[in-house]
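Dropping final.tsv in here (TSV, C-alpha atoms and all ligand atoms):
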chain	number	residue	atom	x	y	z
I	1	MET	CA	-2.47	-21.67	-0.03
I	2	LEU	CA	-5.09	-18.92	0.45
I	3	ALA	CA	-8.12	-20.73	-1.03
I	4	GLY	CA	-11.30	-19.77	0.80
I	5	LYS	CA	-9.78	-16.58	2.17
I	6	THR	CA	-10.76	-13.05	1.14
I	7	ALA	CA	-8.30	-10.19	0.70
I	8	LEU	CA	-9.32	-6.54	0.54
I	9	VAL	CA	-6.65	-4.34	-1.06
I	10	THR	CA	-7.17	-0.58	-0.95
I	11	GLY	CA	-5.96	1.41	-3.95
I	12	SER	CA	-5.78	-1.70	-6.11
I	13	THR	CA	-6.93	-0.36	-9.48
I	14	SER	CA	-3.29	0.47	-10.27
I	15	GLY	CA	0.36	-0.06	-9.41
I	16	ILE	CA	1.47	-1.84	-6.25
I	17	GLY	CA	-2.05	-2.56	-4.99
I	18	LEU	CA	-2.98	-4.35	-8.21
I	19	GLY	CA	0.30	-6.30	-8.08
I	20	ILE	CA	-0.42	-7.44	-4.52
I	21	ALA	CA	-4.05	-8.28	-5.37
I	22	LYS	CA	-2.89	-10.48	-8.26
I	23	ALA	CA	-0.24	-12.24	-6.15
I	24	LEU	CA	-2.83	-13.06	-3.46
I	25	ALA	CA	-5.33	-14.18	-6.13
I	26	ARG	CA	-2.69	-16.54	-7.58
I	27	GLN	CA	-2.69	-18.19	-4.14
I	28	GLY	CA	-6.48	-18.61	-4.37
I	29	ALA	CA	-7.75	-15.67	-2.29
I	30	HIS	CA	-10.93	-13.92	-3.39
I	31	ILE	CA	-10.25	-10.21	-3.85
I	32	VAL	CA	-12.07	-6.98	-3.06
I	33	LEU	CA	-10.62	-4.22	-5.21
I	34	ASN	CA	-10.80	-0.52	-4.37
I	35	GLY	CA	-9.53	2.64	-6.00
I	36	PHE	CA	-10.28	5.27	-8.58
I	37	GLY	CA	-10.22	5.19	-12.39
I	38	ASP	CA	-11.03	2.16	-14.51
I	39	HIS	CA	-11.84	-0.85	-12.36
I	40	GLU	CA	-13.27	-3.16	-15.01
I	41	GLY	CA	-9.81	-3.78	-16.54
I	42	PRO	CA	-8.19	-4.68	-13.18
I	43	ARG	CA	-11.27	-6.77	-12.26
I	44	LYS	CA	-10.88	-8.84	-15.45
I	45	GLU	CA	-7.13	-9.28	-14.82
I	46	VAL	CA	-7.78	-10.65	-11.32
I	47	GLU	CA	-10.82	-12.73	-12.33
I	48	ALA	CA	-8.65	-14.40	-14.99
I	49	LEU	CA	-6.71	-15.93	-12.08
I	50	GLY	CA	-9.82	-17.95	-11.18
I	51	VAL	CA	-11.06	-16.21	-8.04
I	52	LYS	CA	-14.15	-14.16	-7.17
I	53	VAL	CA	-13.62	-10.41	-7.39
I	54	GLY	CA	-15.62	-7.59	-5.81
I	55	TYR	CA	-15.10	-3.86	-6.11
I	56	HIS	CA	-15.98	-0.91	-3.92
I	57	GLY	CA	-15.11	2.65	-4.93
I	58	ALA	CA	-14.81	4.13	-1.42
I	59	ASP	CA	-12.71	7.27	-1.13
I	60	MET	CA	-10.08	6.46	1.49
I	61	SER	CA	-10.18	10.03	2.78
I	62	LYS	CA	-13.80	9.55	3.93
I	63	PRO	CA	-14.41	7.38	7.03
I	64	ALA	CA	-18.11	6.87	6.19
I	65	GLU	CA	-17.20	5.49	2.75
I	66	ILE	CA	-14.55	3.22	4.34
I	67	GLU	CA	-17.26	1.86	6.67
I	68	ALA	CA	-19.51	1.21	3.66
I	69	MET	CA	-16.66	-0.63	1.88
I	70	MET	CA	-15.94	-2.85	4.88
I	71	ALA	CA	-19.66	-3.63	5.24
I	72	TYR	CA	-19.83	-4.48	1.51
I	73	ALA	CA	-16.84	-6.85	1.83
I	74	ALA	CA	-18.33	-8.61	4.87
I	75	GLN	CA	-21.74	-8.96	3.21
I	76	THR	CA	-20.35	-10.17	-0.12
I	77	PHE	CA	-17.56	-12.48	1.06
I	78	GLY	CA	-18.42	-13.21	4.71
I	79	ARG	CA	-15.26	-11.75	6.18
I	80	VAL	CA	-12.04	-9.93	5.32
I	81	ASP	CA	-9.19	-12.33	6.22
I	82	ILE	CA	-6.39	-10.29	4.65
I	83	LEU	CA	-6.41	-6.51	4.71
I	84	VAL	CA	-3.84	-4.67	2.61
I	85	ASN	CA	-3.75	-0.95	3.34
I	86	ASN	CA	-2.14	0.34	0.17
I	87	ALA	CA	-3.96	3.43	-1.15
I	88	GLY	CA	-1.69	6.42	-1.13
I	89	ILE	CA	-0.90	9.72	-2.78
I	90	GLN	CA	2.12	12.01	-2.92
I	91	HIS	CA	2.72	15.75	-3.05
I	92	VAL	CA	6.13	17.39	-3.28
I	93	ALA	CA	6.77	20.87	-1.82
I	94	ARG	CA	8.76	22.51	0.97
I	95	VAL	CA	7.08	22.69	4.38
I	96	GLU	CA	6.47	26.44	4.09
I	97	ASP	CA	4.88	26.03	0.64
I	98	PHE	CA	2.95	22.82	1.38
I	99	PRO	CA	-0.77	23.29	0.61
I	100	VAL	CA	-2.74	22.62	3.81
I	101	GLU	CA	-5.39	20.76	1.85
I	102	ARG	CA	-2.70	18.37	0.43
I	103	TRP	CA	-1.31	17.76	3.95
I	104	ASP	CA	-4.78	16.85	5.20
I	105	ALA	CA	-5.49	14.61	2.19
I	106	ILE	CA	-2.19	12.73	2.56
I	107	MET	CA	-2.76	12.19	6.28
I	108	ALA	CA	-6.31	10.94	5.63
I	109	ILE	CA	-5.49	8.63	2.70
I	110	ASN	CA	-1.97	7.40	3.59
I	111	LEU	CA	-2.47	7.04	7.36
I	112	SER	CA	-5.95	7.46	8.85
I	113	SER	CA	-7.62	5.15	6.31
I	114	ALA	CA	-5.48	2.26	7.63
I	115	PHE	CA	-6.70	2.98	11.16
I	116	HIS	CA	-10.31	2.88	9.99
I	117	THR	CA	-10.01	-0.31	7.92
I	118	SER	CA	-8.02	-2.02	10.68
I	119	ARG	CA	-10.46	-1.12	13.46
I	120	LEU	CA	-13.32	-2.44	11.31
I	121	ALA	CA	-11.55	-5.65	10.17
I	122	LEU	CA	-10.03	-6.73	13.50
I	123	PRO	CA	-13.15	-8.02	15.32
I	124	ALA	CA	-13.86	-10.69	12.67
I	125	MET	CA	-10.16	-11.58	12.41
I	126	ARG	CA	-9.97	-12.04	16.19
I	127	ALA	CA	-13.15	-14.14	16.16
I	128	ALA	CA	-11.64	-16.42	13.47
I	129	ASN	CA	-8.24	-16.36	15.22
I	130	TRP	CA	-6.61	-15.75	11.84
I	131	GLY	CA	-5.94	-12.58	9.96
I	132	ARG	CA	-3.28	-10.62	8.15
I	133	ILE	CA	-2.97	-6.84	8.06
I	134	ILE	CA	-0.33	-5.63	5.65
I	135	ASN	CA	0.36	-1.92	5.57
I	136	VAL	CA	2.10	-0.62	2.48
I	137	ALA	CA	4.34	2.02	4.04
I	138	SER	CA	7.50	3.08	2.19
I	139	VAL	CA	11.21	3.48	2.74
I	140	HIS	CA	9.89	6.93	3.71
I	141	GLY	CA	8.46	5.20	6.78
I	142	LEU	CA	12.08	4.69	7.85
I	143	VAL	CA	14.00	7.70	6.51
I	144	GLY	CA	13.14	11.19	5.29
I	145	SER	CA	13.54	13.08	2.01
I	146	ALA	CA	13.27	16.82	1.45
I	147	GLU	CA	9.96	18.21	0.17
I	148	LYS	CA	7.92	15.19	1.26
I	149	SER	CA	6.86	16.28	4.75
I	150	ALA	CA	3.29	14.95	4.69
I	151	TYR	CA	4.22	11.68	2.97
I	152	VAL	CA	7.18	10.98	5.29
I	153	ALA	CA	5.13	11.88	8.38
I	154	ALA	CA	2.22	9.66	7.27
I	155	LYS	CA	4.53	6.76	6.37
I	156	HIS	CA	6.40	6.97	9.70
I	157	GLY	CA	2.93	7.06	11.28
I	158	ILE	CA	1.79	3.89	9.53
I	159	VAL	CA	4.92	2.07	10.67
I	160	GLY	CA	3.95	3.09	14.22
I	161	LEU	CA	0.36	1.93	13.71
I	162	THR	CA	1.75	-1.39	12.40
I	163	LYS	CA	3.77	-1.93	15.59
I	164	VAL	CA	0.85	-1.14	17.89
I	165	THR	CA	-1.57	-3.35	15.94
I	166	ALA	CA	0.99	-6.17	16.05
I	167	LEU	CA	1.39	-5.80	19.82
I	168	GLU	CA	-2.35	-5.77	20.45
I	169	THR	CA	-2.78	-8.99	18.43
I	170	ALA	CA	0.47	-10.67	19.50
I	171	THR	CA	-1.15	-13.61	21.29
I	172	THR	CA	-3.62	-14.29	18.46
I	173	GLY	CA	-3.49	-15.71	14.94
I	174	VAL	CA	-3.70	-12.18	13.57
I	175	THR	CA	-0.47	-10.51	12.42
I	176	CYS	CA	0.26	-6.98	11.25
I	177	ASN	CA	3.34	-5.98	9.28
I	178	ALA	CA	4.48	-3.18	6.98
I	179	ILE	CA	6.14	-3.26	3.58
I	180	CYS	CA	8.58	-0.46	2.77
I	181	PRO	CA	9.31	-0.19	-0.95
I	182	GLY	CA	11.93	2.08	-2.48
I	183	TRP	CA	11.16	3.35	-5.99
I	184	VAL	CA	8.50	1.38	-7.89
I	185	LEU	CA	7.70	2.57	-11.41
I	186	THR	CA	3.97	3.24	-11.00
I	187	PRO	CA	1.92	6.32	-12.01
I	188	LEU	CA	2.78	7.84	-8.59
I	189	VAL	CA	6.51	7.78	-9.41
I	190	GLN	CA	6.20	8.46	-13.14
I	191	LYS	CA	4.76	11.88	-12.14
I	192	GLN	CA	7.99	12.56	-10.22
I	193	VAL	CA	10.10	11.45	-13.21
I	194	ASP	CA	8.04	13.74	-15.45
I	195	ALA	CA	8.52	16.67	-13.05
I	196	LYS	CA	12.29	16.11	-12.99
I	197	ALA	CA	12.46	15.81	-16.79
I	198	ALA	CA	10.48	19.04	-17.20
I	199	ALA	CA	12.42	20.99	-14.54
I	200	LEU	CA	15.88	19.99	-15.82
I	201	GLY	CA	15.12	19.59	-19.54
I	202	LEU	CA	15.99	15.88	-19.48
I	203	SER	CA	14.76	12.89	-21.46
I	204	ASN	CA	12.54	10.40	-19.65
I	205	ASP	CA	15.44	7.88	-19.50
I	206	GLU	CA	17.92	10.37	-18.08
I	207	ALA	CA	15.38	11.69	-15.52
I	208	THR	CA	14.66	8.08	-14.47
I	209	ARG	CA	18.39	7.31	-14.12
I	210	ARG	CA	18.92	10.41	-11.95
I	211	LEU	CA	15.87	9.64	-9.79
I	212	LEU	CA	17.23	6.15	-9.06
I	213	GLY	CA	20.81	7.38	-8.68
I	214	GLU	CA	19.86	9.90	-5.97
I	215	LYS	CA	18.48	7.26	-3.60
I	216	GLU	CA	18.55	3.65	-4.73
I	217	PRO	CA	22.02	1.97	-4.82
I	218	SER	CA	20.75	-0.99	-6.88
I	219	MET	CA	19.74	1.45	-9.66
I	220	GLN	CA	16.69	-0.81	-10.13
I	221	PHE	CA	13.01	-0.33	-9.47
I	222	THR	CA	11.30	-2.77	-7.13
I	223	THR	CA	8.34	-4.30	-8.98
I	224	PRO	CA	4.70	-4.74	-7.90
I	225	GLU	CA	5.21	-8.48	-8.53
I	226	GLU	CA	8.10	-8.64	-6.03
I	227	LEU	CA	6.05	-6.75	-3.46
I	228	GLY	CA	3.16	-9.13	-4.10
I	229	GLU	CA	5.40	-12.09	-3.25
I	230	LEU	CA	6.40	-10.42	0.04
I	231	ALA	CA	2.70	-10.02	0.88
I	232	VAL	CA	2.19	-13.72	0.09
I	233	PHE	CA	5.02	-14.59	2.48
I	234	PHE	CA	3.36	-12.61	5.29
I	235	CYS	CA	0.17	-14.63	4.61
I	236	SER	CA	1.97	-17.99	4.57
I	237	PRO	CA	2.36	-20.30	7.60
I	238	ALA	CA	6.04	-19.21	7.74
I	239	GLY	CA	4.74	-15.73	8.55
I	240	ASN	CA	2.75	-16.83	11.61
I	241	ASN	CA	5.14	-15.20	14.07
I	242	VAL	CA	6.38	-12.29	11.97
I	243	ARG	CA	4.85	-9.38	13.86
I	244	GLY	CA	5.29	-5.64	13.69
I	245	VAL	CA	8.12	-5.55	11.17
I	246	ALA	CA	8.73	-2.79	8.63
I	247	TRP	CA	10.35	-4.78	5.84
I	248	ASN	CA	12.13	-2.75	3.21
I	249	MET	CA	12.44	-3.80	-0.44
I	250	ASP	CA	14.35	-0.74	-1.47
I	251	GLY	CA	17.49	-1.67	-3.40
I	252	GLY	CA	19.65	-0.66	-0.42
I	253	TRP	CA	18.13	2.82	0.01
I	254	ALA	CA	17.82	2.65	3.82
I	255	ALA	CA	21.15	0.86	4.25
I	256	GLN	CA	23.09	4.03	3.39
P	301	LIG	P1	-0.60	4.46	-7.83
P	301	LIG	O1	-0.85	5.90	-8.04
P	301	LIG	O2	-0.21	3.59	-9.00
P	301	LIG	O3	-1.86	3.76	-7.15
P	301	LIG	C1	-2.52	4.35	-6.08
P	301	LIG	C2	-3.84	3.66	-5.91
P	301	LIG	O4	-4.53	4.30	-4.85
P	301	LIG	C3	-4.74	3.76	-7.15
P	301	LIG	O5	-5.51	2.57	-7.27
P	301	LIG	C4	-5.63	4.95	-6.81
P	301	LIG	O6	-6.88	4.92	-7.49
P	301	LIG	C5	-5.80	4.72	-5.32
P	301	LIG	N1	-6.22	5.90	-4.60
P	301	LIG	C6	-5.67	7.13	-4.60
P	301	LIG	N2	-6.37	7.95	-3.80
P	301	LIG	C7	-7.40	7.21	-3.29
P	301	LIG	C8	-8.47	7.48	-2.42
P	301	LIG	N3	-8.67	8.71	-1.90
P	301	LIG	N4	-9.32	6.48	-2.14
P	301	LIG	C9	-9.17	5.24	-2.68
P	301	LIG	N5	-8.17	4.94	-3.51
P	301	LIG	C10	-7.30	5.91	-3.81
P	301	LIG	O7	0.50	4.40	-6.68
P	301	LIG	P2	1.47	3.26	-6.16
P	301	LIG	O8	2.86	3.71	-6.47
P	301	LIG	O9	1.03	1.92	-6.60
P	301	LIG	O10	1.28	3.44	-4.61
P	301	LIG	C11	0.62	2.49	-3.80
P	301	LIG	C12	1.15	2.61	-2.37
P	301	LIG	O11	2.53	2.30	-2.37
P	301	LIG	C13	1.02	4.02	-1.79
P	301	LIG	O12	0.65	3.93	-0.43
P	301	LIG	C14	2.42	4.57	-1.93
P	301	LIG	O13	2.68	5.53	-0.96
P	301	LIG	C15	3.23	3.31	-1.70
P	301	LIG	N6	4.60	3.39	-2.20
P	301	LIG	C16	4.85	3.62	-3.52
P	301	LIG	C17	6.16	3.68	-3.94
P	301	LIG	C18	6.54	3.90	-5.38
P	301	LIG	O14	7.73	4.08	-5.65
P	301	LIG	N7	5.62	3.86	-6.31
P	301	LIG	C19	7.21	3.52	-3.03
P	301	LIG	C20	6.90	3.29	-1.70
P	301	LIG	C21	5.59	3.23	-1.30

In structure tokens, what does this structure look like?
Amino acid sequence: MLAGKTALVTGSTSGIGLGIAKALARQGAHIVLNGFGDHEGPRKEVEALGVKVGYHGADMSKPAEIEAMMAYAAQTFGRVDILVNNAGIQHVARVEDFPVERWDAIMAINLSSAFHTSRLALPAMRAANWGRIINVASVHGLVGSAEKSAYVAAKHGIVGLTKVTALETATTGVTCNAICPGWVLTPLVQKQVDAKAAALGLSNDEATRRLLGEKEPSMQFTTPEELGELAVFFCSPAGNNVRGVAWNMDGGWAAQ
């Protein structure tokens, strides 16, 4: 379905981003990976799906590096047809204890990077009259949780950016939507399980059960594969007129 198209997924060396990259690759899209850590392993996993794979190690907190990444993608693949703004980090502390540097980093990586990639991708998408921008927000783009001020503010912000981008492209073949996962068992969440286990003297299993039980009625993690299939739907012809939604896949979290 996506043969001949190119998808750039930020933060795709791990977790949800890698899951979405693989789901889009299974539909035939060439992939530009981004993110820290090992990228040769993820590259091989995506290449095994039979598509071309590029990689750029831009730091999403640095606008100049984001510009270099977008230029690399355009030079290597011609155009970015599908942009998935996924890179994100977390920090947990009360407002009065929140390190200023962590606030600034979360705003830059979880919110401003999506503005920069979007502003740089939109001209070519408009010229082609086809494009998909998928912002990986969170259920924290819809509701709050204590000790996550920067994350919740950034995720509410990206839901707002999604709506505005969707309105500005509403009469074109470009759409913009957000995905709002509940808990997904990636390194980002395993750190929170580890912190709970250490603080309360719990086993990994018990800390995981409590983490889910506090927020997620289904008591199940959403998987990167499930989120990948939602991204594929947004890219499908059935998604042509889905614009500006913040679609939760959260086991009932926001329904409470
Ligand atoms: P993860 O830690 O597994 O992956 C994060 C990715 O972002 C990695 O590839 C990492 O290298 C990359 N990254 C981090 N900082 C970066 C930077 N400055 N520049 C470029 N890349 C950077 O996390 P994840 O759980 O897969 O999270 C992915 C997205 O999903 C995030 O935006 C997160 O907020 C969101 N999300 C996660 C959950 C969850 O439960 N895991 C729930 C809702 C939303």

For this session: Using all atoms listed in the file, determine which residues lie at most 10 Å from region 43-46 of chain I, disregarding the query and same-chain residues fewer than 3 positions distant; provide the list as a list in words.
Result: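 Listed by chain and then number, they are Ser12, Thr13, Leu18, Gly19, Ala21, Lys22, Ala23, Leu24, Ala25, Arg26, His30, Ile31, Val32, Leu33, Asp38, His39, Glu40, Leu49, Gly50, Val51, Lys52, Val53, Gly54 and Tyr55 of chain I.
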
Given all atoms listed in the file, how would the per-residue table for chain I near ligand LIG 301 (chain P) read, listing every residue at most 8 Å away with its closest atom pair and distance in Å to one decimal, sorted by chain and number, as a tab-separated table?
residue	atom	partner	partner_atom	distance
I:Thr10	CA	P:LIG301	N5	6.2
I:Gly11	CA	P:LIG301	O4	3.3
I:Ser12	CA	P:LIG301	O5	4.4
I:Thr13	CA	P:LIG301	O5	3.9
I:Ser14	CA	P:LIG301	O5	4.3
I:Gly15	CA	P:LIG301	O9	3.5
I:Ile16	CA	P:LIG301	O9	3.8
I:Gly17	CA	P:LIG301	O9	5.7
I:Leu18	CA	P:LIG301	O5	7.4
I:Asn34	CA	P:LIG301	N5	6.1
I:Gly35	CA	P:LIG301	N5	3.7
I:Phe36	CA	P:LIG301	O6	3.6
I:Gly37	CA	P:LIG301	O6	5.9
I:Gly57	CA	P:LIG301	C9	6.9
I:Ala58	CA	P:LIG301	C9	5.9
I:Asp59	CA	P:LIG301	N4	3.6
I:Met60	CA	P:LIG301	N4	3.7
I:Ser61	CA	P:LIG301	N3	5.1
I:Lys62	CA	P:LIG301	N3	7.8
I:Asn85	CA	P:LIG301	O12	7.6
I:Asn86	CA	P:LIG301	O12	4.6
I:Ala87	CA	P:LIG301	O4	3.8
I:Gly88	CA	P:LIG301	O12	3.5
I:Ile89	CA	P:LIG301	C6	5.7
I:Gln90	CA	P:LIG301	O13	6.8
I:Ala105	CA	P:LIG301	N3	7.9
I:Ile109	CA	P:LIG301	N3	5.6
I:Asn110	CA	P:LIG301	O12	5.9
I:Val136	CA	P:LIG301	O12	5.6
I:Ala137	CA	P:LIG301	C21	5.6
I:Ser138	CA	P:LIG301	C20	3.9
I:Val139	CA	P:LIG301	C20	6.2
I:His140	CA	P:LIG301	C20	7.2
I:Tyr151	CA	P:LIG301	O13	7.5
I:Lys155	CA	P:LIG301	O13	7.7
I:Cys180	CA	P:LIG301	C20	6.1
I:Pro181	CA	P:LIG301	C20	4.3
I:Gly182	CA	P:LIG301	C19	5.0
I:Trp183	CA	P:LIG301	O14	3.5
I:Val184	CA	P:LIG301	O14	3.6
I:Leu185	CA	P:LIG301	N7	5.7
I:Thr186	CA	P:LIG301	O2	4.6
I:Pro187	CA	P:LIG301	O2	4.6
I:Leu188	CA	P:LIG301	O1	4.2
I:Val189	CA	P:LIG301	N7	5.1
I:Phe221	CA	P:LIG301	O14	7.9
I:Thr222	CA	P:LIG301	O14	7.9
I:Pro224	CA	P:LIG301	O9	7.7

Exercise. Restricting the calculation to all atoms listed in the file, which member of I:Gly244, I:Gly157, I:Gly228, I:Gly201 is positioned closest to Ala178 (chain I)?
Worked result: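 Of all the options, I:Gly244 lies closest to Ala178 (chain I).
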
Which residues are close to Trp253 (chain I), i.e. within 7 Å by only C-alpha atoms, leaving aside same-chain residues fewer than 6 positions away? Reply as a compact mmCIF listing (two decimals) with C-alpha atoms, keeping the file's coordinate frame.
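Once written, part18.txt looks like this:
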# COMPACT_ATOMS: atom_id res chain seq x y z
CA GLY I 182 11.93 2.08 -2.48
CA LYS I 215 18.48 7.26 -3.60
CA GLU I 216 18.55 3.65 -4.73
CA PRO I 217 22.02 1.97 -4.82

For this session: Excluding Asn177 (chain I) and residues on its chain fewer than 6 positions from it, collect all residues at most 8 Å away from it, counting only C-alpha atoms, and give them as a ChimeraX atom specification.
Result: /I:133-135,162-163,166,234,242-247

Exercise. Between CA of Val143 (chain I) and CA of Arg210 (chain I), what is the distance, to one decimal in Å?
Worked result: 19.3 Å

Problem set entry | Option closest in space to Glu65 (chain I), from I:Val164, I:Ser113, I:Thr6, I:Glu206 [counting all atoms listed in the file] |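 Counting all atoms listed in the file, the residue closest to Glu65 (chain I) is I:Ser113.
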
For this session: Check the smallest atom-to-atom distance from each of I:Ala231, I:Ala128, I:Leu202, I:Val92 to Thr172 (chain I) using all atoms listed in the file, then report the winner.
Result: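 Of the candidates, the smallest distance to Thr172 (chain I) is held by I:Ala128.
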
Problem set entry | Who sits within 10 Å of Ala146 (chain I), only C-alpha atoms, same chain under 4 positions skipped, as a list in words |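 Counting only C-alpha atoms, the residues come to Val92, Ala93, Arg94, Val95 and Val152 of chain I.
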
For this session: Work out how far apart CA of Thr165 (chain I) and CA of Glu225 (chain I) are and give it in Å to one decimal.
Result: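 Straight-line distance from CA of Thr165 (chain I) to CA of Glu225 (chain I) works out to 25.9 Å.
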
For this session: Work out how far apart CA of Val9 (chain I) and CA of Leu83 (chain I) are and give it in Å to one decimal.
Result: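 About the pair CA of Val9 (chain I) and CA of Leu83 (chain I): they are 6.2 Å apart.
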
Problem set entry | Top pick for closest residue to Lys5 (chain I), considering I:Gly239, I:Gly251, I:Gly78, I:Pro42 and counting all atoms listed in the file |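 Of all the options, I:Gly78 lies closest to Lys5 (chain I).
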
For this session: Find, counting all atoms listed in the file, the residue in I:Ser118, I:Ile179, I:Ala73, I:Thr208 that gets nearest to Val193 (chain I).
Result: I:Thr208
